[in-house]
Amino acid sequence: MSPAIKAPLLPNQEPSSSSSENHGSFAGAVFNISTSIVGAGIMAIPAAFKVLGVIPSLSIIVIIAWLSNVSAGFLMKSSLAGDSTTYAGVMKESFGKSGAVAVTIVTMVVTFGSMIIFSIIIGDVLSGNEKDGIIHLGLLQEWFGSHWWNSRFFGLLFIFVFLLLPLVLCRRVERLALSSAISFLLALLFVVISSVLAIIALVQGKTKTPRLFPELNDGGLSFFSLFTASPVIVTAFTFHFNVHPVAFELKDPLDVLSATRISVILCAAIYSATGLFCYLLFGDSTMTDVLMNFDQSTSSSIGSLLNDIVRLSYAIHLMLVFPLLNFSLRANLDELLFPTKHSLVEDNKRFFGITFPLLISCFLGAIAIPDIWYFFQFLGSTSTVSIAFIFPAAIVLRNVNGFSTLREKIVASVMLVLAVATSIIAISTNIYTFTATEET
């Protein structure tokens, strides 16, 4: 559970009449945090099941979910013990300006990388992709045939201009609560349909036999390669950059702890169900972006319809998650470039001057990068593990405001050691695998 926050840390302040009118709702907080968690990461969870096996995957999901909830509690306790209302502010109190700059840059890398991943998956769903010499058609090609206007470039261009642009122009995160709720329901729809398809296949005897544990066929290399799948799950639970924006739009910022706990439990259940049922459906054929598995033809029109619904619903889900990440990225970039300026939402020139270049850069990145797996491995073993575990643990151990208990310091120490060790092994294994591949 999240670390307890004692009463002396909370100043008794009555909200002003002007600020109390625009408080966010608890339900909106739950949906916003849940949507921040359930992003593109869910698409790579089945591939992690294929690499790790069922039991290790489920165990790692539970452990990382618990640690993520604890680390979010660390951040909020530190904020309320001091004067900070942002992640960067908490780091600045603990480690000075260098700490604030570090967390700002890492958060920007995580959010921008995730936005590119979202865009890649949306492009895969709409316009297809080629994987290992096999062409996977997108929905637009299946429905209308291959034309210039439904190519990857023009398909993504349409989405960016007519769907994503209006959403990223929202200036308060609470205004995204409705789109977040719809997005989360679409994620649930994806899980439900995947589960139904897996159960039907199970009844018909068409499911694949899952591995409960990983197969270590190549000695030490295969063992260490298991660490490259764990960062994928870490990435799927990284939401900490949105905790402060959501918390300080609530009447009582402490309510975000309950919202976080509910969101983490929901998302852990969704990840577990998605990984297990998709792995049962596709077995060793499970791809790094499992949506690409759903382009396979089925023997019935209902099966084909369900496949299309799965792909389209999750593509729309990602489109609705996209503005939440953009909100965090834009705020952090503004804080880095203009630390002494007044609120970004009140400065149109700065607001549009940051929003449009970010959107264009994300579009170009999605066109240039073909695969999400290596992006997940990189983010999970570097930036996301820092945001989710290393920085919060370091804040607790630094304890500049004297809020940390002995138990919290022990938990933070274990969290820090596990995060750093796993990250080093994952990075080393990725480098070794890449160099070995290049040599062959």
# chains A, B, ... in the order shown; residues from 1 in each chain; ligands from 1
>>> select_by_dssp(residues="range 271-314 of chain A", states="alpha helix (DSSP H)", output="PDB file with all heavy atoms, in the first residue's frame")
ATOM      1  N   TYR A 271      -3.822  -6.075 -17.424  1.00  0.00           N
ATOM      2  CA  TYR A 271      -2.579  -6.582 -18.006  1.00  0.00           C
ATOM      3  C   TYR A 271      -2.493  -8.104 -17.890  1.00  0.00           C
ATOM      4  O   TYR A 271      -2.081  -8.794 -18.832  1.00  0.00           O
ATOM      5  CB  TYR A 271      -1.375  -5.950 -17.315  1.00  0.00           C
ATOM      6  CG  TYR A 271      -1.104  -4.521 -17.704  1.00  0.00           C
ATOM      7  CD1 TYR A 271      -0.372  -3.685 -16.872  1.00  0.00           C
ATOM      8  CD2 TYR A 271      -1.574  -3.995 -18.892  1.00  0.00           C
ATOM      9  CE1 TYR A 271      -0.114  -2.368 -17.214  1.00  0.00           C
ATOM     10  CE2 TYR A 271      -1.332  -2.676 -19.246  1.00  0.00           C
ATOM     11  CZ  TYR A 271      -0.588  -1.873 -18.396  1.00  0.00           C
ATOM     12  OH  TYR A 271      -0.333  -0.580 -18.748  1.00  0.00           O
ATOM     13  N   SER A 272      -2.863  -8.622 -16.716  1.00  0.00           N
ATOM     14  CA  SER A 272      -2.790 -10.068 -16.507  1.00  0.00           C
ATOM     15  C   SER A 272      -3.725 -10.809 -17.460  1.00  0.00           C
ATOM     16  O   SER A 272      -3.337 -11.808 -18.076  1.00  0.00           O
ATOM     17  CB  SER A 272      -3.147 -10.407 -15.053  1.00  0.00           C
ATOM     18  OG  SER A 272      -2.241  -9.793 -14.154  1.00  0.00           O
ATOM     19  N   ALA A 273      -4.957 -10.317 -17.581  1.00  0.00           N
ATOM     20  CA  ALA A 273      -5.927 -10.958 -18.465  1.00  0.00           C
ATOM     21  C   ALA A 273      -5.491 -10.865 -19.921  1.00  0.00           C
ATOM     22  O   ALA A 273      -5.552 -11.850 -20.672  1.00  0.00           O
ATOM     23  CB  ALA A 273      -7.303 -10.317 -18.285  1.00  0.00           C
ATOM     24  N   THR A 274      -5.016  -9.695 -20.333  1.00  0.00           N
ATOM     25  CA  THR A 274      -4.595  -9.503 -21.720  1.00  0.00           C
ATOM     26  C   THR A 274      -3.408 -10.398 -22.061  1.00  0.00           C
ATOM     27  O   THR A 274      -3.399 -11.077 -23.091  1.00  0.00           O
ATOM     28  CB  THR A 274      -4.200  -8.033 -21.964  1.00  0.00           C
ATOM     29  OG1 THR A 274      -5.333  -7.204 -21.696  1.00  0.00           O
ATOM     30  CG2 THR A 274      -3.762  -7.828 -23.404  1.00  0.00           C
ATOM     31  N   GLY A 275      -2.393 -10.393 -21.191  1.00  0.00           N
ATOM     32  CA  GLY A 275      -1.220 -11.215 -21.451  1.00  0.00           C
ATOM     33  C   GLY A 275      -1.555 -12.694 -21.528  1.00  0.00           C
ATOM     34  O   GLY A 275      -1.119 -13.401 -22.454  1.00  0.00           O
ATOM     35  N   LEU A 276      -2.349 -13.178 -20.579  1.00  0.00           N
ATOM     36  CA  LEU A 276      -2.669 -14.601 -20.529  1.00  0.00           C
ATOM     37  C   LEU A 276      -3.531 -15.030 -21.708  1.00  0.00           C
ATOM     38  O   LEU A 276      -3.216 -16.009 -22.403  1.00  0.00           O
ATOM     39  CB  LEU A 276      -3.382 -14.919 -19.212  1.00  0.00           C
ATOM     40  CG  LEU A 276      -3.803 -16.380 -19.009  1.00  0.00           C
ATOM     41  CD1 LEU A 276      -2.592 -17.296 -19.057  1.00  0.00           C
ATOM     42  CD2 LEU A 276      -4.549 -16.539 -17.691  1.00  0.00           C
ATOM     43  N   PHE A 277      -4.616 -14.293 -21.970  1.00  0.00           N
ATOM     44  CA  PHE A 277      -5.548 -14.719 -23.018  1.00  0.00           C
ATOM     45  C   PHE A 277      -4.945 -14.561 -24.417  1.00  0.00           C
ATOM     46  O   PHE A 277      -5.161 -15.415 -25.287  1.00  0.00           O
ATOM     47  CB  PHE A 277      -6.858 -13.953 -22.907  1.00  0.00           C
ATOM     48  CG  PHE A 277      -7.716 -14.403 -21.759  1.00  0.00           C
ATOM     49  CD1 PHE A 277      -8.147 -13.505 -20.790  1.00  0.00           C
ATOM     50  CD2 PHE A 277      -8.096 -15.727 -21.632  1.00  0.00           C
ATOM     51  CE1 PHE A 277      -8.937 -13.914 -19.731  1.00  0.00           C
ATOM     52  CE2 PHE A 277      -8.886 -16.159 -20.577  1.00  0.00           C
ATOM     53  CZ  PHE A 277      -9.301 -15.248 -19.618  1.00  0.00           C
ATOM     54  N   CYS A 278      -4.192 -13.496 -24.650  1.00  0.00           N
ATOM     55  CA  CYS A 278      -3.563 -13.338 -25.961  1.00  0.00           C
ATOM     56  C   CYS A 278      -2.469 -14.373 -26.179  1.00  0.00           C
ATOM     57  O   CYS A 278      -2.277 -14.862 -27.295  1.00  0.00           O
ATOM     58  CB  CYS A 278      -3.001 -11.923 -26.115  1.00  0.00           C
ATOM     59  SG  CYS A 278      -4.268 -10.657 -26.317  1.00  0.00           S
ATOM     60  N   TYR A 279      -1.758 -14.721 -25.112  1.00  0.00           N
ATOM     61  CA  TYR A 279      -0.741 -15.768 -25.223  1.00  0.00           C
ATOM     62  C   TYR A 279      -1.398 -17.116 -25.497  1.00  0.00           C
ATOM     63  O   TYR A 279      -0.887 -17.934 -26.274  1.00  0.00           O
ATOM     64  CB  TYR A 279       0.097 -15.803 -23.942  1.00  0.00           C
ATOM     65  CG  TYR A 279       1.252 -16.767 -23.976  1.00  0.00           C
ATOM     66  CD1 TYR A 279       1.958 -17.012 -25.147  1.00  0.00           C
ATOM     67  CD2 TYR A 279       1.653 -17.440 -22.830  1.00  0.00           C
ATOM     68  CE1 TYR A 279       3.024 -17.901 -25.183  1.00  0.00           C
ATOM     69  CE2 TYR A 279       2.717 -18.325 -22.848  1.00  0.00           C
ATOM     70  CZ  TYR A 279       3.396 -18.547 -24.020  1.00  0.00           C
ATOM     71  OH  TYR A 279       4.447 -19.434 -24.048  1.00  0.00           O
ATOM     72  N   LEU A 280      -2.559 -17.372 -24.886  1.00  0.00           N
ATOM     73  CA  LEU A 280      -3.294 -18.604 -25.179  1.00  0.00           C
ATOM     74  C   LEU A 280      -3.747 -18.640 -26.643  1.00  0.00           C
ATOM     75  O   LEU A 280      -3.746 -19.696 -27.280  1.00  0.00           O
ATOM     76  CB  LEU A 280      -4.519 -18.718 -24.270  1.00  0.00           C
ATOM     77  CG  LEU A 280      -4.294 -19.180 -22.828  1.00  0.00           C
ATOM     78  CD1 LEU A 280      -5.587 -19.065 -22.034  1.00  0.00           C
ATOM     79  CD2 LEU A 280      -3.769 -20.610 -22.795  1.00  0.00           C
ATOM     80  N   LEU A 281      -4.141 -17.474 -27.163  1.00  0.00           N
ATOM     81  CA  LEU A 281      -4.622 -17.402 -28.546  1.00  0.00           C
ATOM     82  C   LEU A 281      -3.513 -17.632 -29.565  1.00  0.00           C
ATOM     83  O   LEU A 281      -3.695 -18.363 -30.546  1.00  0.00           O
ATOM     84  CB  LEU A 281      -5.270 -16.044 -28.797  1.00  0.00           C
ATOM     85  CG  LEU A 281      -6.748 -15.877 -28.465  1.00  0.00           C
ATOM     86  CD1 LEU A 281      -7.173 -14.433 -28.680  1.00  0.00           C
ATOM     87  CD2 LEU A 281      -7.608 -16.813 -29.301  1.00  0.00           C
ATOM     88  N   PHE A 282      -2.352 -17.018 -29.341  1.00  0.00           N
ATOM     89  CA  PHE A 282      -1.327 -16.968 -30.392  1.00  0.00           C
ATOM     90  C   PHE A 282      -0.047 -17.728 -30.066  1.00  0.00           C
ATOM     91  O   PHE A 282       0.760 -17.975 -30.964  1.00  0.00           O
ATOM     92  CB  PHE A 282      -0.989 -15.507 -30.707  1.00  0.00           C
ATOM     93  CG  PHE A 282      -2.186 -14.679 -31.055  1.00  0.00           C
ATOM     94  CD1 PHE A 282      -2.588 -13.623 -30.255  1.00  0.00           C
ATOM     95  CD2 PHE A 282      -2.952 -14.965 -32.179  1.00  0.00           C
ATOM     96  CE1 PHE A 282      -3.699 -12.856 -30.561  1.00  0.00           C
ATOM     97  CE2 PHE A 282      -4.070 -14.220 -32.504  1.00  0.00           C
ATOM     98  CZ  PHE A 282      -4.439 -13.161 -31.686  1.00  0.00           C
ATOM     99  N   SER A 301     -17.430 -14.824 -40.378  1.00  0.00           N
ATOM    100  CA  SER A 301     -17.530 -13.366 -40.493  1.00  0.00           C
ATOM    101  C   SER A 301     -17.557 -12.715 -39.120  1.00  0.00           C
ATOM    102  O   SER A 301     -17.059 -11.604 -38.936  1.00  0.00           O
ATOM    103  CB  SER A 301     -18.802 -13.000 -41.269  1.00  0.00           C
ATOM    104  OG  SER A 301     -19.948 -13.549 -40.636  1.00  0.00           O
ATOM    105  N   ILE A 302     -18.125 -13.414 -38.110  1.00  0.00           N
ATOM    106  CA  ILE A 302     -18.158 -12.876 -36.750  1.00  0.00           C
ATOM    107  C   ILE A 302     -16.745 -12.769 -36.197  1.00  0.00           C
ATOM    108  O   ILE A 302     -16.377 -11.777 -35.562  1.00  0.00           O
ATOM    109  CB  ILE A 302     -19.037 -13.765 -35.838  1.00  0.00           C
ATOM    110  CG1 ILE A 302     -20.504 -13.717 -36.296  1.00  0.00           C
ATOM    111  CG2 ILE A 302     -18.907 -13.324 -34.384  1.00  0.00           C
ATOM    112  CD1 ILE A 302     -21.433 -14.565 -35.474  1.00  0.00           C
ATOM    113  N   GLY A 303     -15.930 -13.785 -36.469  1.00  0.00           N
ATOM    114  CA  GLY A 303     -14.541 -13.740 -36.009  1.00  0.00           C
ATOM    115  C   GLY A 303     -13.780 -12.589 -36.634  1.00  0.00           C
ATOM    116  O   GLY A 303     -13.017 -11.891 -35.961  1.00  0.00           O
ATOM    117  N   SER A 304     -13.988 -12.366 -37.921  1.00  0.00           N
ATOM    118  CA  SER A 304     -13.327 -11.251 -38.605  1.00  0.00           C
ATOM    119  C   SER A 304     -13.799  -9.916 -38.043  1.00  0.00           C
ATOM    120  O   SER A 304     -12.995  -8.987 -37.871  1.00  0.00           O
ATOM    121  CB  SER A 304     -13.611 -11.317 -40.105  1.00  0.00           C
ATOM    122  OG  SER A 304     -13.088 -12.498 -40.669  1.00  0.00           O
ATOM    123  N   LEU A 305     -15.105  -9.821 -37.764  1.00  0.00           N
ATOM    124  CA  LEU A 305     -15.651  -8.590 -37.193  1.00  0.00           C
ATOM    125  C   LEU A 305     -15.045  -8.314 -35.818  1.00  0.00           C
ATOM    126  O   LEU A 305     -14.663  -7.176 -35.515  1.00  0.00           O
ATOM    127  CB  LEU A 305     -17.169  -8.696 -37.085  1.00  0.00           C
ATOM    128  CG  LEU A 305     -17.886  -7.505 -36.429  1.00  0.00           C
ATOM    129  CD1 LEU A 305     -17.662  -6.231 -37.237  1.00  0.00           C
ATOM    130  CD2 LEU A 305     -19.376  -7.798 -36.266  1.00  0.00           C
ATOM    131  N   LEU A 306     -14.930  -9.352 -34.989  1.00  0.00           N
ATOM    132  CA  LEU A 306     -14.341  -9.178 -33.660  1.00  0.00           C
ATOM    133  C   LEU A 306     -12.882  -8.757 -33.757  1.00  0.00           C
ATOM    134  O   LEU A 306     -12.415  -7.913 -32.977  1.00  0.00           O
ATOM    135  CB  LEU A 306     -14.469 -10.473 -32.851  1.00  0.00           C
ATOM    136  CG  LEU A 306     -15.882 -10.848 -32.389  1.00  0.00           C
ATOM    137  CD1 LEU A 306     -15.870 -12.178 -31.658  1.00  0.00           C
ATOM    138  CD2 LEU A 306     -16.455  -9.751 -31.484  1.00  0.00           C
ATOM    139  N   ASN A 307     -12.145  -9.335 -34.704  1.00  0.00           N
ATOM    140  CA  ASN A 307     -10.753  -8.936 -34.905  1.00  0.00           C
ATOM    141  C   ASN A 307     -10.655  -7.455 -35.253  1.00  0.00           C
ATOM    142  O   ASN A 307      -9.798  -6.733 -34.742  1.00  0.00           O
ATOM    143  CB  ASN A 307     -10.118  -9.772 -36.017  1.00  0.00           C
ATOM    144  CG  ASN A 307      -9.728 -11.161 -35.547  1.00  0.00           C
ATOM    145  OD1 ASN A 307      -9.680 -11.429 -34.347  1.00  0.00           O
ATOM    146  ND2 ASN A 307      -9.442 -12.043 -36.479  1.00  0.00           N
ATOM    147  N   ASP A 308     -11.537  -7.009 -36.139  1.00  0.00           N
ATOM    148  CA  ASP A 308     -11.523  -5.596 -36.533  1.00  0.00           C
ATOM    149  C   ASP A 308     -11.899  -4.693 -35.365  1.00  0.00           C
ATOM    150  O   ASP A 308     -11.311  -3.611 -35.189  1.00  0.00           O
ATOM    151  CB  ASP A 308     -12.497  -5.363 -37.702  1.00  0.00           C
ATOM    152  CG  ASP A 308     -11.979  -5.949 -39.009  1.00  0.00           C
ATOM    153  OD1 ASP A 308     -10.803  -6.367 -39.045  1.00  0.00           O
ATOM    154  OD2 ASP A 308     -12.752  -5.988 -39.976  1.00  0.00           O
ATOM    155  N   ILE A 309     -12.886  -5.127 -34.563  1.00  0.00           N
ATOM    156  CA  ILE A 309     -13.299  -4.323 -33.409  1.00  0.00           C
ATOM    157  C   ILE A 309     -12.155  -4.199 -32.408  1.00  0.00           C
ATOM    158  O   ILE A 309     -11.911  -3.123 -31.847  1.00  0.00           O
ATOM    159  CB  ILE A 309     -14.543  -4.939 -32.739  1.00  0.00           C
ATOM    160  CG1 ILE A 309     -15.760  -4.809 -33.656  1.00  0.00           C
ATOM    161  CG2 ILE A 309     -14.828  -4.264 -31.407  1.00  0.00           C
ATOM    162  CD1 ILE A 309     -17.005  -5.495 -33.121  1.00  0.00           C
ATOM    163  N   VAL A 310     -11.434  -5.309 -32.172  1.00  0.00           N
ATOM    164  CA  VAL A 310     -10.304  -5.285 -31.243  1.00  0.00           C
ATOM    165  C   VAL A 310      -9.271  -4.262 -31.683  1.00  0.00           C
ATOM    166  O   VAL A 310      -8.810  -3.417 -30.904  1.00  0.00           O
ATOM    167  CB  VAL A 310      -9.657  -6.686 -31.141  1.00  0.00           C
ATOM    168  CG1 VAL A 310      -8.281  -6.596 -30.507  1.00  0.00           C
ATOM    169  CG2 VAL A 310     -10.535  -7.613 -30.325  1.00  0.00           C
ATOM    170  N   ARG A 311      -8.910  -4.308 -32.958  1.00  0.00           N
ATOM    171  CA  ARG A 311      -7.857  -3.415 -33.455  1.00  0.00           C
ATOM    172  C   ARG A 311      -8.299  -1.957 -33.465  1.00  0.00           C
ATOM    173  O   ARG A 311      -7.570  -1.061 -33.026  1.00  0.00           O
ATOM    174  CB  ARG A 311      -7.432  -3.858 -34.854  1.00  0.00           C
ATOM    175  CG  ARG A 311      -6.826  -5.255 -34.874  1.00  0.00           C
ATOM    176  CD  ARG A 311      -6.882  -5.876 -36.253  1.00  0.00           C
ATOM    177  NE  ARG A 311      -5.965  -5.235 -37.178  1.00  0.00           N
ATOM    178  CZ  ARG A 311      -5.987  -5.427 -38.495  1.00  0.00           C
ATOM    179  NH1 ARG A 311      -6.910  -6.220 -39.037  1.00  0.00           N
ATOM    180  NH2 ARG A 311      -5.111  -4.826 -39.263  1.00  0.00           N
ATOM    181  N   LEU A 312      -9.514  -1.716 -33.944  1.00  0.00           N
ATOM    182  CA  LEU A 312      -9.997  -0.344 -34.046  1.00  0.00           C
ATOM    183  C   LEU A 312     -10.229   0.274 -32.668  1.00  0.00           C
ATOM    184  O   LEU A 312      -9.866   1.440 -32.430  1.00  0.00           O
ATOM    185  CB  LEU A 312     -11.285  -0.302 -34.861  1.00  0.00           C
ATOM    186  CG  LEU A 312     -11.876   1.091 -35.134  1.00  0.00           C
ATOM    187  CD1 LEU A 312     -10.868   1.949 -35.906  1.00  0.00           C
ATOM    188  CD2 LEU A 312     -13.188   0.983 -35.904  1.00  0.00           C
ATOM    189  N   SER A 313     -10.812  -0.492 -31.746  1.00  0.00           N
ATOM    190  CA  SER A 313     -11.107   0.042 -30.416  1.00  0.00           C
ATOM    191  C   SER A 313      -9.822   0.425 -29.695  1.00  0.00           C
ATOM    192  O   SER A 313      -9.756   1.462 -29.023  1.00  0.00           O
ATOM    193  CB  SER A 313     -11.906  -0.962 -29.586  1.00  0.00           C
ATOM    194  OG  SER A 313     -11.148  -2.131 -29.339  1.00  0.00           O
ATOM    195  N   TYR A 314      -8.783  -0.384 -29.853  1.00  0.00           N
ATOM    196  CA  TYR A 314      -7.561  -0.033 -29.138  1.00  0.00           C
ATOM    197  C   TYR A 314      -6.818   1.111 -29.815  1.00  0.00           C
ATOM    198  O   TYR A 314      -6.159   1.905 -29.142  1.00  0.00           O
ATOM    199  CB  TYR A 314      -6.634  -1.240 -28.955  1.00  0.00           C
ATOM    200  CG  TYR A 314      -5.869  -1.079 -27.672  1.00  0.00           C
ATOM    201  CD1 TYR A 314      -6.462  -1.448 -26.475  1.00  0.00           C
ATOM    202  CD2 TYR A 314      -4.625  -0.473 -27.638  1.00  0.00           C
ATOM    203  CE1 TYR A 314      -5.820  -1.240 -25.272  1.00  0.00           C
ATOM    204  CE2 TYR A 314      -3.972  -0.270 -26.444  1.00  0.00           C
ATOM    205  CZ  TYR A 314      -4.563  -0.659 -25.258  1.00  0.00           C
ATOM    206  OH  TYR A 314      -3.926  -0.425 -24.083  1.00  0.00           O
TER     207      TYR A 314
END
>>> residues_around(residues="Ala268 in chain A", least_positions_apart="2", cutoff="7 Å", atoms="only C-alpha atoms", output="CSV table (one decimal) with N, CA and C atoms, in the first residue's frame")
chain,number,residue,atom,x,y,z
A,61,ILE,N,4.1,-8.7,-12.8
A,61,ILE,CA,3.1,-7.7,-12.9
A,61,ILE,C,2.6,-7.3,-11.5
A,62,VAL,N,2.4,-8.2,-10.6
A,62,VAL,CA,1.9,-7.9,-9.2
A,62,VAL,C,3.0,-7.1,-8.5
A,65,ALA,N,3.3,-3.6,-9.9
A,65,ALA,CA,2.1,-2.8,-9.6
A,65,ALA,C,2.2,-2.3,-8.2
A,264,VAL,N,-4.2,1.2,-10.2
A,264,VAL,CA,-3.1,0.2,-10.3
A,264,VAL,C,-3.7,-1.2,-10.2
A,265,ILE,N,-4.7,-1.4,-9.3
A,265,ILE,CA,-5.3,-2.7,-9.2
A,265,ILE,C,-6.1,-3.0,-10.5
A,266,LEU,N,-6.8,-2.1,-11.0
A,266,LEU,CA,-7.6,-2.3,-12.2
A,266,LEU,C,-6.6,-2.6,-13.4
A,270,ILE,N,-6.1,-5.9,-15.8
A,270,ILE,CA,-6.2,-5.9,-17.2
A,270,ILE,C,-5.0,-6.4,-17.9
A,271,TYR,N,-3.8,-6.1,-17.4
A,271,TYR,CA,-2.6,-6.6,-18.0
A,271,TYR,C,-2.5,-8.1,-17.9
A,272,SER,N,-2.9,-8.6,-16.7
A,272,SER,CA,-2.8,-10.1,-16.5
A,272,SER,C,-3.7,-10.8,-17.5
>>> closest_residue(among="A:Asn242, A:Ser413, A:Thr286, A:Ser68", to="Phe49 in chain A", atoms="only C-alpha atoms")
A:Thr286
>>> residues_around(residues="range 243-252 of chain A", least_positions_apart="2", cutoff="6 Å", atoms="only C-alpha atoms", output="PyMOL selection string")
chain A and resi 23-24+86+240-241+254-256
>>> residues_around(residues="range 170-174 of chain A", least_positions_apart="4", cutoff="9 Å", atoms="only C-alpha atoms", output="PyMOL selection string")
chain A and resi 23-25+28-29+32+166+178+245-246+249+323-324+327+344-345+351
>>> write_last_selection(atoms="N, CA, C and O atoms", output="PDB file, in the first residue's frame")
ATOM      1  N   HIS A  23     -12.399  22.370  -9.071  1.00  0.00           N
ATOM      2  CA  HIS A  23     -11.743  21.152  -8.626  1.00  0.00           C
ATOM      3  C   HIS A  23     -12.122  19.985  -9.526  1.00  0.00           C
ATOM      4  O   HIS A  23     -13.259  19.873  -9.999  1.00  0.00           O
ATOM      5  N   GLY A  24     -11.152  19.097  -9.737  1.00  0.00           N
ATOM      6  CA  GLY A  24     -11.430  17.877 -10.473  1.00  0.00           C
ATOM      7  C   GLY A  24     -12.173  16.878  -9.600  1.00  0.00           C
ATOM      8  O   GLY A  24     -12.157  16.967  -8.366  1.00  0.00           O
ATOM      9  N   SER A  25     -12.821  15.917 -10.226  1.00  0.00           N
ATOM     10  CA  SER A  25     -13.574  14.903  -9.498  1.00  0.00           C
ATOM     11  C   SER A  25     -12.699  13.688  -9.210  1.00  0.00           C
ATOM     12  O   SER A  25     -11.698  13.445  -9.891  1.00  0.00           O
ATOM     13  N   GLY A  28     -12.859  11.348 -12.133  1.00  0.00           N
ATOM     14  CA  GLY A  28     -11.995  11.833 -13.203  1.00  0.00           C
ATOM     15  C   GLY A  28     -10.540  11.515 -12.935  1.00  0.00           C
ATOM     16  O   GLY A  28      -9.780  11.176 -13.852  1.00  0.00           O
ATOM     17  N   ALA A  29     -10.119  11.601 -11.657  1.00  0.00           N
ATOM     18  CA  ALA A  29      -8.739  11.268 -11.290  1.00  0.00           C
ATOM     19  C   ALA A  29      -8.448   9.796 -11.550  1.00  0.00           C
ATOM     20  O   ALA A  29      -7.377   9.438 -12.071  1.00  0.00           O
ATOM     21  N   ASN A  32      -8.192   9.323 -15.319  1.00  0.00           N
ATOM     22  CA  ASN A  32      -6.979   9.922 -15.879  1.00  0.00           C
ATOM     23  C   ASN A  32      -5.739   9.109 -15.542  1.00  0.00           C
ATOM     24  O   ASN A  32      -4.874   8.894 -16.393  1.00  0.00           O
ATOM     25  N   PRO A 166      -6.999  18.649 -31.963  1.00  0.00           N
ATOM     26  CA  PRO A 166      -8.003  19.264 -31.081  1.00  0.00           C
ATOM     27  C   PRO A 166      -7.871  18.826 -29.624  1.00  0.00           C
ATOM     28  O   PRO A 166      -8.118  19.615 -28.712  1.00  0.00           O
ATOM     29  N   LEU A 178     -13.458  13.013 -19.600  1.00  0.00           N
ATOM     30  CA  LEU A 178     -14.427  12.271 -20.398  1.00  0.00           C
ATOM     31  C   LEU A 178     -13.734  11.404 -21.439  1.00  0.00           C
ATOM     32  O   LEU A 178     -14.064  10.219 -21.590  1.00  0.00           O
ATOM     33  N   PRO A 245      -0.125  16.599 -11.586  1.00  0.00           N
ATOM     34  CA  PRO A 245      -1.181  17.372 -12.260  1.00  0.00           C
ATOM     35  C   PRO A 245      -2.584  16.940 -11.855  1.00  0.00           C
ATOM     36  O   PRO A 245      -3.475  17.783 -11.683  1.00  0.00           O
ATOM     37  N   VAL A 246      -2.775  15.631 -11.679  1.00  0.00           N
ATOM     38  CA  VAL A 246      -4.098  15.136 -11.279  1.00  0.00           C
ATOM     39  C   VAL A 246      -4.376  15.482  -9.821  1.00  0.00           C
ATOM     40  O   VAL A 246      -5.467  15.946  -9.468  1.00  0.00           O
ATOM     41  N   GLU A 249      -5.343  19.172  -8.884  1.00  0.00           N
ATOM     42  CA  GLU A 249      -6.619  19.674  -9.386  1.00  0.00           C
ATOM     43  C   GLU A 249      -7.778  19.158  -8.533  1.00  0.00           C
ATOM     44  O   GLU A 249      -8.925  19.547  -8.736  1.00  0.00           O
ATOM     45  N   PRO A 323      -3.287  12.700 -25.665  1.00  0.00           N
ATOM     46  CA  PRO A 323      -3.254  14.062 -25.119  1.00  0.00           C
ATOM     47  C   PRO A 323      -2.837  14.128 -23.653  1.00  0.00           C
ATOM     48  O   PRO A 323      -2.303  15.148 -23.212  1.00  0.00           O
ATOM     49  N   LEU A 324      -3.079  13.060 -22.869  1.00  0.00           N
ATOM     50  CA  LEU A 324      -2.630  13.048 -21.481  1.00  0.00           C
ATOM     51  C   LEU A 324      -1.108  13.093 -21.400  1.00  0.00           C
ATOM     52  O   LEU A 324      -0.526  13.821 -20.588  1.00  0.00           O
ATOM     53  N   PHE A 327       0.122  16.481 -22.436  1.00  0.00           N
ATOM     54  CA  PHE A 327      -0.055  17.466 -21.369  1.00  0.00           C
ATOM     55  C   PHE A 327       1.169  17.494 -20.462  1.00  0.00           C
ATOM     56  O   PHE A 327       1.713  18.554 -20.144  1.00  0.00           O
ATOM     57  N   LEU A 344       1.647  28.543 -18.246  1.00  0.00           N
ATOM     58  CA  LEU A 344       1.654  28.282 -19.685  1.00  0.00           C
ATOM     59  C   LEU A 344       0.270  28.475 -20.302  1.00  0.00           C
ATOM     60  O   LEU A 344       0.147  28.974 -21.428  1.00  0.00           O
ATOM     61  N   VAL A 345      -0.788  28.075 -19.601  1.00  0.00           N
ATOM     62  CA  VAL A 345      -2.132  28.127 -20.163  1.00  0.00           C
ATOM     63  C   VAL A 345      -2.594  29.556 -20.421  1.00  0.00           C
ATOM     64  O   VAL A 345      -3.535  29.780 -21.182  1.00  0.00           O
ATOM     65  N   PHE A 351       2.175  28.598 -25.498  1.00  0.00           N
ATOM     66  CA  PHE A 351       1.376  27.375 -25.550  1.00  0.00           C
ATOM     67  C   PHE A 351       1.405  26.771 -26.951  1.00  0.00           C
ATOM     68  O   PHE A 351       1.713  25.587 -27.130  1.00  0.00           O
TER      69      PHE A 351
END
>>> atom_distance(atom1="CA of Ile233 in chain A", atom2="CA of Ser179 in chain A")
24.6 Å
>>> closest_residue(among="A:Leu67, A:Ala229, A:Ala47, A:Ile159", to="Ser423 in chain A", atoms="only C-alpha atoms")
A:Ala229
>>> closest_atom_pairs(of="range 375-414 of chain A", to="range 70-80 of chain A", cutoff="8 Å", atoms="only C-alpha atoms", output="CSV")
residue,atom,partner,partner_atom,distance
A:Ala388,CA,A:Ser71,CA,6.7
A:Phe389,CA,A:Ser71,CA,6.2
A:Pro392,CA,A:Ser71,CA,5.7
A:Ala393,CA,A:Ser71,CA,7.1
A:Ile395,CA,A:Ser78,CA,7.7
A:Val396,CA,A:Phe74,CA,6.8
A:Asn401,CA,A:Ser78,CA,7.5
A:Phe403,CA,A:Ser78,CA,7.1
